[in-house]
Amino acid sequence: MDLSCTEEEEEFRARLRRWLGEVLPKLPDRPAADDWPGRRAYDTAWQRMLYDAGYAGLHWPVDAGGRGATPTQHLIFLEETERAGAPYVGANFVGLLHAGPTIAAEGDAAQRARWLPPILRGEEIWCQGFSEPDAGSDLAALRTRAVRDGADYLVTGSKIWTSHAQVADWCELLVRTDPSAARHRGISWLAMPMDAPGVTVRPLRTLAGSAEFAEVFLDEVRIPAAYRVGAENDGWRVTMVTLSFERGTAFVGEVVACRRVLAALARTARDNGRWDDPELRRRLGRLSAWFTALWRLTQWNVSQAQHGGGGVPGAGASVFKLSFSQARQELYEAAAEVLGGYALDADREWVAGRLTSLSYTIAAGTSQIQRNILAERVLGLPKGR
Ligand SMILES: Cc1cc2nc3c(=O)[nH]c(=O)nc-3n(C[C@H](O)[C@H](O)[C@H](O)COP(=O)(O)OP(=O)(O)OC[C@H]3O[C@@H](n4cnc5c(N)ncnc54)[C@H](O)[C@@H]3O)c2cc1C
């Protein structure tokens with residue numbers, strides 16, 4: 001792995017920095033949580049700005065509409081945008097970070113042409129309909145049925161924890177197309193239009209106070225078979241591609257964001273006197289080392305994905321997901337320690353950050369499941385069951 005910057009990459013960094021310096025001061029604040037239409041409009045407008053400036057889909061392959069950037073350029077982009085406090089990927093999350101890359105890797109020419117450009121231009125939002133009641137960690141237990149009816153499937157069932165479902169145009173949906181096959185074999189990966197008749201979205205309010213995800217009920221929803229990505233009943237393999245993108249590269253920008261939060265905490269601790277506590281200083285120092293290590297792991301994962309893994313992150317994805325979600329939780333625990341009552345009274349962002357951090361060890365596969373993956377696939381230990 002060589003991630004030292006070439007002259008060209010340093011020029012890319014300088015150009016990006018200049019552009020961010022010009023556009024960010026003019027951007028308004030992102031609308032508050034629960035203004036979902038407002039947030040959608042904001043996030044898609046930002047994506048459009050990135051697209052117009054040539055920064056959309058930087059790491060996507062050129063034949064998928066991306067810029068075919070080097071791994072180092074991709075990391076520079078993440079680092080510089082986070083460092084400058086550029087908007088979060090927000091409602092564009094699923095489309096840009098895992099549905100889009102999955103379609104680029106597994107879709108046919110018509111599907112790539114139909115779905116990828118609107119994702120890159122910030123015109124269409126995707127959500128992820130994988131989890132179901134009783135099929136979260138054990139995803140292969142999913143029961144949503146798709147029955148063939150001519151050129152279509154008729155889909156019936158329900159999904160849960162579908163982030164951004166209330167503002168999404170499309171859903172990457174897992175369905176059971178062959179109930180008689182072995183659990184992992186009878187599954188297909190479909191793109192479902194969220195405005196199709198029979199789709200009902202019911203938002204769920206979380207501990208953090210916002211309704212970021214929803215239950216989605218499906219009642220004989222008609223989906224063209226042409227919207228299936230990959231072969232019928234081969235959806236489990238396609239899903240593994242989606243999940244490795246989700247776990248491996250989708251959170252990487254947040255490592256830089258966490259380093260920014262940590263630096264802000266250290267400044268606050270100096271200002272409010274908490275810095276005098278050697279135990280707290282040790283804690284912040286340990287977190288700083290941890291996030292530096294995570295950034296190195298990120299570089300390694302991205303480099304592996306683009307050079308050795310055919311564009312798909314490998315087992316390093318689970319190492320990253322496991323460690324990052326734990327580090328993020330500890331960061332916000334340390335924040336509560338530094339800020340004390342102030343965190344509750346004066347700044348809701350800290351409270352939201354703390355509460356949201358709890359979900360990171362669950363979202364995109366729980367820590368226990370990541371440990372199982374590492375035990376079985378990396379260490380070669382026997383399966384638990
Ligand atoms: C913030 C957030 C956003 C999400 N967004 C989406 C989304 O957009 N789309 C989507 O489809 N899903 C989404 N999810 C759902 C998420 O993927 C599931 O919550 C997750 O897979 C866990 O499934 P579960 O909640 O059913 O828990 P369960 O699978 O019931 O697990 C409960 C507990 O048992 C443990 N456990 C279960 N099986 C094993 C095992 N074999 N070995 C060891 N331990 C085990 C788990 O680790 C966990 O601690 C989101 C979740 C969160 C928290």
# chains A, B, ... in the order shown; residues from 1 in each chain; ligands from 1
$ residues_around --residues "region 316-329 of chain A" --least-positions-apart "6" --cutoff "10 Å" --atoms "only C-alpha atoms" --output "PyMOL selection string"
chain A and resi 243-252+254-255+258-259+287-288+290-291+293-295+297-298+300-302+304-305+335+353-374+378
$ write_last_selection --atoms "N, CA and C atoms" --output "short mmCIF file (atom, residue, chain, number, x, y, z; two decimals), in the first residue's frame"
data_model
loop_
_atom_site.label_atom_id
_atom_site.label_comp_id
_atom_site.auth_asym_id
_atom_site.auth_seq_id
_atom_site.Cartn_x
_atom_site.Cartn_y
_atom_site.Cartn_z
N LEU A 243 -23.43 -4.98 1.68
CA LEU A 243 -23.04 -4.86 3.10
C LEU A 243 -21.56 -4.55 3.25
N SER A 244 -20.73 -5.06 2.35
CA SER A 244 -19.31 -4.76 2.52
C SER A 244 -19.04 -3.29 2.18
N PHE A 245 -19.81 -2.72 1.22
CA PHE A 245 -19.68 -1.28 0.99
C PHE A 245 -20.16 -0.52 2.22
N GLU A 246 -21.30 -0.96 2.77
CA GLU A 246 -21.90 -0.25 3.90
C GLU A 246 -20.96 -0.26 5.11
N ARG A 247 -20.37 -1.43 5.40
CA ARG A 247 -19.54 -1.54 6.59
C ARG A 247 -18.13 -1.02 6.37
N GLY A 248 -17.66 -1.13 5.13
CA GLY A 248 -16.26 -0.85 4.88
C GLY A 248 -15.95 0.60 4.58
N THR A 249 -16.73 1.20 3.71
CA THR A 249 -16.33 2.53 3.27
C THR A 249 -17.37 3.61 3.59
N ALA A 250 -18.58 3.17 3.98
CA ALA A 250 -19.64 4.17 4.13
C ALA A 250 -19.44 5.10 5.32
N PHE A 251 -18.70 4.65 6.35
CA PHE A 251 -18.56 5.49 7.54
C PHE A 251 -17.24 6.25 7.58
N VAL A 252 -16.41 6.11 6.54
CA VAL A 252 -15.04 6.59 6.70
C VAL A 252 -14.93 8.11 6.93
N GLU A 254 -16.72 9.85 8.59
CA GLU A 254 -17.06 10.17 9.97
C GLU A 254 -15.87 10.05 10.92
N VAL A 255 -14.84 9.33 10.48
CA VAL A 255 -13.64 9.25 11.33
C VAL A 255 -13.04 10.64 11.47
N CYS A 258 -15.12 12.71 13.74
CA CYS A 258 -14.88 12.40 15.15
C CYS A 258 -13.58 13.05 15.64
N ARG A 259 -12.60 13.11 14.76
CA ARG A 259 -11.34 13.76 15.17
C ARG A 259 -11.58 15.25 15.43
N LEU A 287 -8.20 8.23 22.96
CA LEU A 287 -9.15 8.36 21.84
C LEU A 287 -8.47 8.93 20.61
N SER A 288 -7.57 9.89 20.84
CA SER A 288 -6.87 10.48 19.70
C SER A 288 -6.06 9.41 18.97
N TRP A 290 -6.64 6.25 18.98
CA TRP A 290 -7.59 5.30 18.41
C TRP A 290 -8.10 5.81 17.04
N PHE A 291 -8.49 7.09 17.00
CA PHE A 291 -9.01 7.62 15.73
C PHE A 291 -7.90 7.72 14.67
N ALA A 293 -5.48 5.57 14.43
CA ALA A 293 -5.36 4.19 13.95
C ALA A 293 -6.52 3.85 13.00
N LEU A 294 -7.72 4.35 13.32
CA LEU A 294 -8.87 4.08 12.44
C LEU A 294 -8.70 4.73 11.08
N TRP A 295 -8.08 5.91 11.08
CA TRP A 295 -7.85 6.58 9.80
C TRP A 295 -6.87 5.77 8.95
N LEU A 297 -6.47 2.53 9.17
CA LEU A 297 -7.22 1.35 8.74
C LEU A 297 -8.11 1.70 7.54
N THR A 298 -8.70 2.88 7.59
CA THR A 298 -9.51 3.37 6.49
C THR A 298 -8.69 3.42 5.21
N TRP A 300 -6.08 1.76 4.50
CA TRP A 300 -5.76 0.39 4.09
C TRP A 300 -6.98 -0.24 3.40
N ASN A 301 -8.18 -0.08 4.01
CA ASN A 301 -9.40 -0.67 3.44
C ASN A 301 -9.69 -0.13 2.05
N VAL A 302 -9.61 1.19 1.91
CA VAL A 302 -9.93 1.81 0.62
C VAL A 302 -8.92 1.35 -0.43
N GLN A 304 -7.17 -1.45 -0.41
CA GLN A 304 -7.45 -2.86 -0.70
C GLN A 304 -8.61 -3.00 -1.66
N ALA A 305 -9.70 -2.23 -1.37
CA ALA A 305 -10.91 -2.33 -2.18
C ALA A 305 -10.62 -1.97 -3.62
N ALA A 335 -17.22 13.05 26.02
CA ALA A 335 -17.81 14.39 25.86
C ALA A 335 -18.71 14.71 27.06
N GLY A 353 -25.64 13.72 19.63
CA GLY A 353 -24.45 12.94 19.27
C GLY A 353 -24.27 11.76 20.20
N ARG A 354 -24.49 12.02 21.51
CA ARG A 354 -24.33 10.94 22.49
C ARG A 354 -25.36 9.85 22.28
N LEU A 355 -26.62 10.26 22.11
CA LEU A 355 -27.68 9.25 21.95
C LEU A 355 -27.50 8.49 20.63
N THR A 356 -27.17 9.23 19.58
CA THR A 356 -27.01 8.57 18.28
C THR A 356 -25.84 7.60 18.30
N SER A 357 -24.78 7.95 19.07
CA SER A 357 -23.61 7.08 19.08
C SER A 357 -23.97 5.66 19.56
N LEU A 358 -25.02 5.58 20.39
CA LEU A 358 -25.41 4.25 20.89
C LEU A 358 -25.87 3.34 19.76
N SER A 359 -26.45 3.95 18.73
CA SER A 359 -27.00 3.12 17.65
C SER A 359 -25.92 2.58 16.71
N TYR A 360 -24.71 3.15 16.81
CA TYR A 360 -23.67 2.75 15.85
C TYR A 360 -23.21 1.31 16.02
N THR A 361 -23.33 0.77 17.25
CA THR A 361 -22.92 -0.63 17.43
C THR A 361 -24.03 -1.59 16.98
N ILE A 362 -25.15 -1.02 16.50
CA ILE A 362 -26.24 -1.87 16.01
C ILE A 362 -26.40 -1.70 14.50
N ALA A 363 -26.47 -0.43 14.05
CA ALA A 363 -26.72 -0.15 12.62
C ALA A 363 -25.66 -0.82 11.75
N ALA A 364 -26.08 -1.26 10.57
CA ALA A 364 -25.19 -1.90 9.59
C ALA A 364 -24.56 -3.19 10.13
N GLY A 365 -25.26 -3.85 11.05
CA GLY A 365 -24.76 -5.11 11.60
C GLY A 365 -24.16 -4.90 12.97
N THR A 366 -24.68 -5.62 13.96
CA THR A 366 -24.24 -5.39 15.35
C THR A 366 -22.78 -5.82 15.55
N SER A 367 -22.21 -5.34 16.67
CA SER A 367 -20.81 -5.70 16.98
C SER A 367 -20.66 -7.21 17.14
N GLN A 368 -21.67 -7.85 17.73
CA GLN A 368 -21.57 -9.31 17.89
C GLN A 368 -21.46 -9.99 16.54
N ILE A 369 -22.24 -9.48 15.58
CA ILE A 369 -22.22 -10.09 14.24
C ILE A 369 -20.87 -9.83 13.56
N GLN A 370 -20.33 -8.62 13.74
CA GLN A 370 -19.00 -8.35 13.14
C GLN A 370 -17.97 -9.31 13.74
N ARG A 371 -18.08 -9.58 15.05
CA ARG A 371 -17.13 -10.52 15.69
C ARG A 371 -17.30 -11.91 15.11
N ASN A 372 -18.56 -12.31 14.88
CA ASN A 372 -18.79 -13.64 14.27
C ASN A 372 -18.13 -13.71 12.89
N ILE A 373 -18.30 -12.63 12.11
CA ILE A 373 -17.72 -12.61 10.75
C ILE A 373 -16.21 -12.76 10.83
N LEU A 374 -15.60 -11.98 11.73
CA LEU A 374 -14.14 -12.03 11.85
C LEU A 374 -13.68 -13.40 12.33
N VAL A 378 -12.09 -14.61 8.95
CA VAL A 378 -10.69 -14.19 9.02
C VAL A 378 -9.87 -15.20 9.82
#
$ select_by_dssp --residues "region 107-220 of chain A" --states "strand (DSSP E)" --output "PDB file with N, CA and C atoms, in the first residue's frame"
ATOM      1  N   TRP A 126     -32.279   7.187  -2.164  1.00  0.00           N
ATOM      2  CA  TRP A 126     -32.527   5.756  -1.951  1.00  0.00           C
ATOM      3  C   TRP A 126     -32.590   5.460  -0.457  1.00  0.00           C
ATOM      4  N   CYS A 127     -33.348   4.403  -0.126  1.00  0.00           N
ATOM      5  CA  CYS A 127     -33.290   3.875   1.228  1.00  0.00           C
ATOM      6  C   CYS A 127     -33.017   2.379   1.147  1.00  0.00           C
ATOM      7  N   GLN A 128     -32.826   1.774   2.316  1.00  0.00           N
ATOM      8  CA  GLN A 128     -32.436   0.363   2.349  1.00  0.00           C
ATOM      9  C   GLN A 128     -33.491  -0.464   3.071  1.00  0.00           C
ATOM     10  N   GLY A 129     -34.161  -1.346   2.360  1.00  0.00           N
ATOM     11  CA  GLY A 129     -35.190  -2.210   2.954  1.00  0.00           C
ATOM     12  C   GLY A 129     -34.663  -3.628   3.111  1.00  0.00           C
ATOM     13  N   ARG A 145     -42.311 -11.598   0.688  1.00  0.00           N
ATOM     14  CA  ARG A 145     -42.438 -12.507  -0.450  1.00  0.00           C
ATOM     15  C   ARG A 145     -42.554 -11.734  -1.760  1.00  0.00           C
ATOM     16  N   ALA A 146     -41.919 -12.229  -2.813  1.00  0.00           N
ATOM     17  CA  ALA A 146     -42.121 -11.678  -4.151  1.00  0.00           C
ATOM     18  C   ALA A 146     -42.567 -12.830  -5.050  1.00  0.00           C
ATOM     19  N   VAL A 147     -43.798 -12.712  -5.553  1.00  0.00           N
ATOM     20  CA  VAL A 147     -44.361 -13.775  -6.390  1.00  0.00           C
ATOM     21  C   VAL A 147     -44.388 -13.276  -7.820  1.00  0.00           C
ATOM     22  N   ARG A 148     -43.893 -14.085  -8.736  1.00  0.00           N
ATOM     23  CA  ARG A 148     -43.821 -13.667 -10.141  1.00  0.00           C
ATOM     24  C   ARG A 148     -45.229 -13.576 -10.724  1.00  0.00           C
ATOM     25  N   ASP A 149     -45.501 -12.456 -11.414  1.00  0.00           N
ATOM     26  CA  ASP A 149     -46.784 -12.269 -12.088  1.00  0.00           C
ATOM     27  C   ASP A 149     -46.478 -11.654 -13.446  1.00  0.00           C
ATOM     28  N   ASP A 152     -43.698  -8.948 -13.897  1.00  0.00           N
ATOM     29  CA  ASP A 152     -43.530  -8.241 -12.621  1.00  0.00           C
ATOM     30  C   ASP A 152     -43.397  -9.235 -11.469  1.00  0.00           C
ATOM     31  N   TYR A 153     -43.030  -8.659 -10.301  1.00  0.00           N
ATOM     32  CA  TYR A 153     -43.188  -9.372  -9.032  1.00  0.00           C
ATOM     33  C   TYR A 153     -44.279  -8.668  -8.254  1.00  0.00           C
ATOM     34  N   LEU A 154     -45.039  -9.451  -7.483  1.00  0.00           N
ATOM     35  CA  LEU A 154     -45.977  -8.859  -6.520  1.00  0.00           C
ATOM     36  C   LEU A 154     -45.380  -9.081  -5.140  1.00  0.00           C
ATOM     37  N   VAL A 155     -45.086  -7.989  -4.457  1.00  0.00           N
ATOM     38  CA  VAL A 155     -44.316  -8.075  -3.213  1.00  0.00           C
ATOM     39  C   VAL A 155     -45.203  -7.755  -2.004  1.00  0.00           C
ATOM     40  N   THR A 156     -45.164  -8.646  -0.999  1.00  0.00           N
ATOM     41  CA  THR A 156     -45.967  -8.447   0.207  1.00  0.00           C
ATOM     42  C   THR A 156     -45.113  -8.769   1.437  1.00  0.00           C
ATOM     43  N   GLY A 157     -45.172  -7.893   2.433  1.00  0.00           N
ATOM     44  CA  GLY A 157     -44.408  -8.121   3.663  1.00  0.00           C
ATOM     45  C   GLY A 157     -44.176  -6.814   4.371  1.00  0.00           C
ATOM     46  N   SER A 158     -43.179  -6.776   5.266  1.00  0.00           N
ATOM     47  CA  SER A 158     -42.882  -5.508   5.939  1.00  0.00           C
ATOM     48  C   SER A 158     -41.398  -5.404   6.250  1.00  0.00           C
ATOM     49  N   LYS A 159     -40.936  -4.174   6.291  1.00  0.00           N
ATOM     50  CA  LYS A 159     -39.544  -3.860   6.593  1.00  0.00           C
ATOM     51  C   LYS A 159     -39.526  -2.947   7.823  1.00  0.00           C
ATOM     52  N   ILE A 160     -38.387  -2.926   8.494  1.00  0.00           N
ATOM     53  CA  ILE A 160     -38.307  -2.063   9.681  1.00  0.00           C
ATOM     54  C   ILE A 160     -36.932  -1.392   9.741  1.00  0.00           C
ATOM     55  N   TRP A 161     -36.867  -0.269  10.480  1.00  0.00           N
ATOM     56  CA  TRP A 161     -35.645   0.533  10.631  1.00  0.00           C
ATOM     57  C   TRP A 161     -35.169   1.057   9.281  1.00  0.00           C
ATOM     58  N   THR A 162     -36.084   1.425   8.391  1.00  0.00           N
ATOM     59  CA  THR A 162     -35.674   1.885   7.066  1.00  0.00           C
ATOM     60  C   THR A 162     -35.355   3.385   7.144  1.00  0.00           C
ATOM     61  N   SER A 163     -34.065   3.692   7.232  1.00  0.00           N
ATOM     62  CA  SER A 163     -33.644   5.099   7.374  1.00  0.00           C
ATOM     63  C   SER A 163     -34.043   5.900   6.135  1.00  0.00           C
ATOM     64  N   TRP A 170     -36.465   5.592  -4.036  1.00  0.00           N
ATOM     65  CA  TRP A 170     -36.216   4.188  -4.360  1.00  0.00           C
ATOM     66  C   TRP A 170     -35.757   3.460  -3.105  1.00  0.00           C
ATOM     67  N   CYS A 171     -35.988   2.143  -3.123  1.00  0.00           N
ATOM     68  CA  CYS A 171     -35.540   1.331  -1.986  1.00  0.00           C
ATOM     69  C   CYS A 171     -34.790   0.118  -2.513  1.00  0.00           C
ATOM     70  N   GLU A 172     -33.599  -0.141  -1.948  1.00  0.00           N
ATOM     71  CA  GLU A 172     -32.928  -1.408  -2.268  1.00  0.00           C
ATOM     72  C   GLU A 172     -33.581  -2.444  -1.370  1.00  0.00           C
ATOM     73  N   LEU A 173     -34.321  -3.353  -1.997  1.00  0.00           N
ATOM     74  CA  LEU A 173     -35.238  -4.208  -1.248  1.00  0.00           C
ATOM     75  C   LEU A 173     -34.826  -5.673  -1.375  1.00  0.00           C
ATOM     76  N   LEU A 174     -34.774  -6.362  -0.240  1.00  0.00           N
ATOM     77  CA  LEU A 174     -34.520  -7.803  -0.283  1.00  0.00           C
ATOM     78  C   LEU A 174     -35.836  -8.544  -0.134  1.00  0.00           C
ATOM     79  N   VAL A 175     -36.041  -9.500  -1.034  1.00  0.00           N
ATOM     80  CA  VAL A 175     -37.297 -10.259  -1.021  1.00  0.00           C
ATOM     81  C   VAL A 175     -37.003 -11.749  -1.184  1.00  0.00           C
ATOM     82  N   ARG A 176     -37.951 -12.547  -0.744  1.00  0.00           N
ATOM     83  CA  ARG A 176     -37.801 -13.998  -0.924  1.00  0.00           C
ATOM     84  C   ARG A 176     -38.536 -14.403  -2.202  1.00  0.00           C
ATOM     85  N   ILE A 187     -33.355 -15.718  -2.260  1.00  0.00           N
ATOM     86  CA  ILE A 187     -33.516 -14.267  -2.037  1.00  0.00           C
ATOM     87  C   ILE A 187     -33.140 -13.491  -3.302  1.00  0.00           C
ATOM     88  N   SER A 188     -33.843 -12.384  -3.565  1.00  0.00           N
ATOM     89  CA  SER A 188     -33.462 -11.513  -4.700  1.00  0.00           C
ATOM     90  C   SER A 188     -33.363 -10.066  -4.226  1.00  0.00           C
ATOM     91  N   TRP A 189     -32.581  -9.270  -4.948  1.00  0.00           N
ATOM     92  CA  TRP A 189     -32.309  -7.841  -4.636  1.00  0.00           C
ATOM     93  C   TRP A 189     -33.067  -7.013  -5.666  1.00  0.00           C
ATOM     94  N   LEU A 190     -34.074  -6.255  -5.229  1.00  0.00           N
ATOM     95  CA  LEU A 190     -34.895  -5.463  -6.160  1.00  0.00           C
ATOM     96  C   LEU A 190     -34.762  -3.975  -5.866  1.00  0.00           C
ATOM     97  N   ALA A 191     -34.965  -3.170  -6.899  1.00  0.00           N
ATOM     98  CA  ALA A 191     -35.105  -1.722  -6.696  1.00  0.00           C
ATOM     99  C   ALA A 191     -36.601  -1.414  -6.709  1.00  0.00           C
ATOM    100  N   MET A 192     -37.099  -0.870  -5.607  1.00  0.00           N
ATOM    101  CA  MET A 192     -38.541  -0.608  -5.508  1.00  0.00           C
ATOM    102  C   MET A 192     -38.813   0.895  -5.519  1.00  0.00           C
ATOM    103  N   PRO A 193     -39.689   1.370  -6.420  1.00  0.00           N
ATOM    104  CA  PRO A 193     -40.079   2.790  -6.356  1.00  0.00           C
ATOM    105  C   PRO A 193     -40.938   3.004  -5.118  1.00  0.00           C
ATOM    106  N   VAL A 199     -47.309   0.676  -1.060  1.00  0.00           N
ATOM    107  CA  VAL A 199     -46.209   0.976  -0.127  1.00  0.00           C
ATOM    108  C   VAL A 199     -46.720   1.955   0.933  1.00  0.00           C
ATOM    109  N   THR A 200     -46.636   1.573   2.212  1.00  0.00           N
ATOM    110  CA  THR A 200     -47.025   2.485   3.297  1.00  0.00           C
ATOM    111  C   THR A 200     -45.829   2.697   4.221  1.00  0.00           C
ATOM    112  N   VAL A 201     -45.513   3.965   4.493  1.00  0.00           N
ATOM    113  CA  VAL A 201     -44.366   4.302   5.344  1.00  0.00           C
ATOM    114  C   VAL A 201     -44.881   4.868   6.669  1.00  0.00           C
ATOM    115  N   ARG A 202     -44.452   4.273   7.779  1.00  0.00           N
ATOM    116  CA  ARG A 202     -44.876   4.793   9.080  1.00  0.00           C
ATOM    117  C   ARG A 202     -43.620   5.164   9.893  1.00  0.00           C
ATOM    118  N   PRO A 203     -43.323   6.470  10.052  1.00  0.00           N
ATOM    119  CA  PRO A 203     -42.089   6.884  10.737  1.00  0.00           C
ATOM    120  C   PRO A 203     -42.018   6.394  12.192  1.00  0.00           C
ATOM    121  N   LEU A 204     -40.798   6.119  12.654  1.00  0.00           N
ATOM    122  CA  LEU A 204     -40.552   5.682  14.041  1.00  0.00           C
ATOM    123  C   LEU A 204     -39.711   6.741  14.736  1.00  0.00           C
ATOM    124  N   PHE A 213     -35.910   6.933  10.976  1.00  0.00           N
ATOM    125  CA  PHE A 213     -36.273   5.739  10.211  1.00  0.00           C
ATOM    126  C   PHE A 213     -37.745   5.385  10.387  1.00  0.00           C
ATOM    127  N   ALA A 214     -38.172   4.360   9.626  1.00  0.00           N
ATOM    128  CA  ALA A 214     -39.603   4.088   9.525  1.00  0.00           C
ATOM    129  C   ALA A 214     -39.850   2.593   9.349  1.00  0.00           C
ATOM    130  N   GLU A 215     -41.097   2.221   9.624  1.00  0.00           N
ATOM    131  CA  GLU A 215     -41.557   0.897   9.201  1.00  0.00           C
ATOM    132  C   GLU A 215     -42.107   1.067   7.795  1.00  0.00           C
ATOM    133  N   VAL A 216     -41.926   0.058   6.970  1.00  0.00           N
ATOM    134  CA  VAL A 216     -42.452   0.121   5.602  1.00  0.00           C
ATOM    135  C   VAL A 216     -43.294  -1.138   5.375  1.00  0.00           C
ATOM    136  N   PHE A 217     -44.559  -0.925   5.037  1.00  0.00           N
ATOM    137  CA  PHE A 217     -45.461  -2.057   4.804  1.00  0.00           C
ATOM    138  C   PHE A 217     -45.705  -2.202   3.305  1.00  0.00           C
ATOM    139  N   LEU A 218     -45.678  -3.432   2.829  1.00  0.00           N
ATOM    140  CA  LEU A 218     -45.780  -3.691   1.397  1.00  0.00           C
ATOM    141  C   LEU A 218     -46.965  -4.629   1.146  1.00  0.00           C
ATOM    142  N   ASP A 219     -47.923  -4.132   0.358  1.00  0.00           N
ATOM    143  CA  ASP A 219     -49.123  -4.918   0.121  1.00  0.00           C
ATOM    144  C   ASP A 219     -49.306  -5.109  -1.388  1.00  0.00           C
ATOM    145  N   GLU A 220     -48.890  -6.265  -1.855  1.00  0.00           N
ATOM    146  CA  GLU A 220     -48.965  -6.582  -3.291  1.00  0.00           C
ATOM    147  C   GLU A 220     -48.399  -5.452  -4.156  1.00  0.00           C
TER     148      GLU A 220
END
$ select_by_dssp --residues "region 117-315 of chain A" --states "alpha helix (DSSP H)" --output "VMD selection string"
chain A and resid 117 to 120 235 to 248 252 to 272 278 to 307
$ atom_distance --atom1 "CA of Ala64 (chain A)" --atom2 "CA of Ala104 (chain A)"
5.7 Å
$ atom_distance --atom1 "atom 50 (C, counted along the ligand's line) of ligand 1" --atom2 "CA of Ala56 (chain A)"
25.4 Å
$ residues_around --residues "Ala69 (chain A)" --least-positions-apart "2" --cutoff "7 Å" --atoms "only C-alpha atoms" --output "VMD selection string"
chain A and resid 58 to 59 67 71 73 to 74
$ closest_residue --among "A:Gln47, A:Thr177, A:Thr70, A:Ser210" --to "ligand 1" --atoms "only C-alpha atoms and all ligand atoms"
A:Ser210
